[in-house]
Amino acid sequence: MKITVKKVAFASAEPEIDAIETAFDSEKIEWNPVGCINWKEYPCKPEVSFRIMHSESEIYIQYKVRQQGVRAVYDFDGDSKPWTDDCVEFFTTPSPTCGKYFNLEMNCIGHGIFCYGPDRFHRFSCDVSVVSRIRRHASLGSTPINLKGEVEWSLTVAIPKELYSVAGDEIPSFSGRTVPANFYKCGDDTDTPHYLSWNPILTPAPNFHCPEYFGELSFE
């Protein structure tokens with residue numbers, strides 16, 4: 001699959017989250033489903049979608065989720081395991097020459113990790129000082145939560161593009177380029193484990209670390 005990522009302008013290089021959320025609506029940025037069930041052993045399918053846009057300096061992603069029950073244990077960044085909570089994820093390969101892909105994983109209360117590496121088993125986790133530069137707002141708040149019944153929630157994140165250079169590689173401008181990426185929703189330790197993706201994955205067991213199955217983001 002392929003998405004065109006609209007370029008927008010803000011008065012500030014780091015706009016407030018409420019300004020970003022307003023822009024998503026005023027710019028009529030479309031929602032895209034995260035709805036691929038890739039492994040029949042995990043049929044649970046929350047309603048998940050995302051929308052994405054960018055500015056000269058940042059990438060903006062907003063997720064919305066409707067599901068039965070919601071869980072978040074980790075209320076800190078860095079050395080946490082957000083994928084065990086109700087979690088949304090953004091994986092991308094920012095440059096065809098760097099040999100690394102990045103994974104941003106955040107739970108439903110907006111805490112998580114930002115990592116990079118060449119494959120699933122050789123990852124480097126960025127320090128909290130790096131992760132903290134990713135601004136975010138979770139509709140469910142920022143403290144641990146465990147709810148039953150139908151729950152709707154959203155998460156908005158602002159990722160400074162320069163963070164994709166933390167691995168020491170010179171990353172070319174995103175503008176005007178097509179970049180491989182995928183979006184996910186999971187919850188390893190939730191009442192009903194699930195593993196959804198935007199672009200389909202053809203592996204025998206759950207594995208999101210598959211850049212060969214990334215879709216495409218075409219940045220204006």
# chains A, B, ... in the order shown; residues from 1 in each chain; ligands from 1
>>> residues_around(residues="A:Ser55", least_positions_apart="4", cutoff="10 Å", atoms="only C-alpha atoms", output="list in words")
Val5, Lys6, Lys7, Val8, Ala9, Phe10, Ala13, Glu14, Ile59, Tyr60, Pro160, Lys161, Phe174, Ser175, Phe219 and Glu220 of chain A
>>> residues_around(residues="A:Pro200", least_positions_apart="3", cutoff="7 Å", atoms="only C-alpha atoms", output="MDAnalysis selection string")
chainID A and resid 36 38 197 213
>>> closest_residue(among="A:Gly141, A:Pro204, A:Gly117, A:Gly99", to="A:Asp75", atoms="only C-alpha atoms")
A:Gly141
>>> atom_distance(atom1="atom CA of A:Glu21", atom2="atom CA of A:Gln62")
7.9 Å
>>> select_by_dssp(residues="stretch 5-202 of chain A", states="alpha helix (DSSP H)", output="list in words")
Ile17, Asp18, Ala19, Ile20, Glu21, Thr22, Ala23, Phe24, Asp25, Ser26, Val128, Ser129, Val130 and Val131 of chain A
>>> residues_around(residues="A:Trp83", least_positions_apart="3", cutoff="8 Å", atoms="only C-alpha atoms", output="JSON list (two decimals) with N, CA, C and O atoms, in the first residue's frame")
[["chain", "number", "residue", "atom", "x", "y", "z"],
["A", 86, "ASP", "N", -1.65, -2.28, 25.43],
["A", 86, "ASP", "CA", -2.30, -1.87, 24.19],
["A", 86, "ASP", "C", -1.43, -0.81, 23.55],
["A", 86, "ASP", "O", -1.20, 0.27, 24.13],
["A", 87, "CYS", "N", -0.92, -1.11, 22.37],
["A", 87, "CYS", "CA", 0.19, -0.36, 21.80],
["A", 87, "CYS", "C", -0.03, -0.09, 20.32],
["A", 87, "CYS", "O", -0.56, -0.93, 19.59],
["A", 88, "VAL", "N", 0.40, 1.09, 19.86],
["A", 88, "VAL", "CA", 0.44, 1.41, 18.43],
["A", 88, "VAL", "C", 1.90, 1.70, 18.05],
["A", 88, "VAL", "O", 2.67, 2.23, 18.86],
["A", 105, "GLU", "N", 7.32, 2.77, 19.31],
["A", 105, "GLU", "CA", 6.23, 1.98, 19.90],
["A", 105, "GLU", "C", 5.74, 2.70, 21.14],
["A", 105, "GLU", "O", 6.52, 2.96, 22.07],
["A", 106, "MET", "N", 4.45, 3.02, 21.17],
["A", 106, "MET", "CA", 3.88, 3.73, 22.32],
["A", 106, "MET", "C", 2.57, 3.09, 22.75],
["A", 106, "MET", "O", 1.73, 2.74, 21.91],
["A", 107, "ASN", "N", 2.43, 2.95, 24.06],
["A", 107, "ASN", "CA", 1.19, 2.36, 24.56],
["A", 107, "ASN", "C", 0.07, 3.40, 24.58],
["A", 107, "ASN", "O", 0.28, 4.56, 24.21],
["A", 186, "CYS", "N", -0.91, -3.72, 18.58],
["A", 186, "CYS", "CA", -0.71, -5.01, 19.24],
["A", 186, "CYS", "C", -1.01, -4.91, 20.72],
["A", 186, "CYS", "O", -1.32, -3.83, 21.24],
["A", 187, "GLY", "N", -0.89, -6.02, 21.40],
["A", 187, "GLY", "CA", -1.10, -6.09, 22.83],
["A", 187, "GLY", "C", -0.76, -7.49, 23.33],
["A", 187, "GLY", "O", -1.65, -8.31, 23.53],
["A", 188, "ASP", "N", 0.51, -7.76, 23.53],
["A", 188, "ASP", "CA", 0.97, -9.11, 23.86],
["A", 188, "ASP", "C", 0.33, -9.67, 25.13],
["A", 188, "ASP", "O", -0.03, -10.84, 25.20]]
>>> closest_residue(among="A:Pro211, A:Pro193, A:Gly149, A:Gly168", to="A:Glu41", atoms="only C-alpha atoms")
A:Pro193
>>> closest_residue(among="A:Tyr101, A:Val157, A:Arg177, A:Thr190", to="A:Glu212", atoms="only C-alpha atoms")
A:Tyr101
>>> atom_distance(atom1="atom CA of A:Ile20", atom2="atom CA of A:Leu155")
11.8 Å
>>> residues_around(residues="A:Ser139", least_positions_apart="6", cutoff="8 Å", atoms="only C-alpha atoms", output="short mmCIF file (atom, residue, chain, number, x, y, z; two decimals) with N, CA and C atoms, in the first residue's frame")
data_model
loop_
_atom_site.label_atom_id
_atom_site.label_comp_id
_atom_site.auth_asym_id
_atom_site.auth_seq_id
_atom_site.Cartn_x
_atom_site.Cartn_y
_atom_site.Cartn_z
N ILE A 109 -1.29 5.08 26.76
CA ILE A 109 -1.14 6.26 27.63
C ILE A 109 0.11 7.06 27.25
N TRP A 153 -10.03 5.36 22.20
CA TRP A 153 -8.92 6.21 22.59
C TRP A 153 -8.15 6.69 21.38
N SER A 154 -7.35 7.72 21.59
CA SER A 154 -6.53 8.27 20.52
C SER A 154 -5.16 8.63 21.06
N LEU A 155 -4.20 8.69 20.15
CA LEU A 155 -2.84 9.10 20.49
C LEU A 155 -2.29 9.93 19.34
#
>>> residues_around(residues="A:Asn146", least_positions_apart="5", cutoff="8 Å", atoms="only C-alpha atoms", output="PyMOL selection string")
chain A and resi 69-72
>>> write_last_selection(atoms="N, CA and C atoms", output="compact mmCIF listing (two decimals), in the first residue's frame")
# COMPACT_ATOMS: atom_id res chain seq x y z
N GLY A 69 -11.96 -3.45 26.15
CA GLY A 69 -10.96 -3.42 27.21
C GLY A 69 -9.68 -2.75 26.75
N VAL A 70 -8.97 -2.19 27.71
CA VAL A 70 -7.70 -1.53 27.40
C VAL A 70 -6.79 -1.64 28.61
N ARG A 71 -5.48 -1.84 28.33
CA ARG A 71 -4.51 -2.06 29.41
C ARG A 71 -3.24 -1.28 29.11
N ALA A 72 -2.70 -0.64 30.16
CA ALA A 72 -1.38 -0.01 30.08
C ALA A 72 -0.73 -0.07 31.45
>>> closest_atom_pairs(of="stretch 118-191 of chain A", to="stretch 24-35 of chain A", cutoff="12 Å", atoms="only C-alpha atoms", output="Markdown table")
| residue | atom | partner | partner_atom | distance |
| --- | --- | --- | --- | --- |
| A:Thr156 | CA | A:Phe24 | CA | 10.2 |
| A:Val157 | CA | A:Phe24 | CA | 12.0 |
| A:Asn182 | CA | A:Val34 | CA | 9.4 |
| A:Phe183 | CA | A:Val34 | CA | 6.8 |
| A:Tyr184 | CA | A:Val34 | CA | 6.5 |
| A:Lys185 | CA | A:Val34 | CA | 7.2 |
| A:Cys186 | CA | A:Val34 | CA | 10.5 |
>>> closest_residue(among="A:Cys108, A:Val151, A:Cys210, A:Val166", to="A:Val130", atoms="only C-alpha atoms")
A:Val166
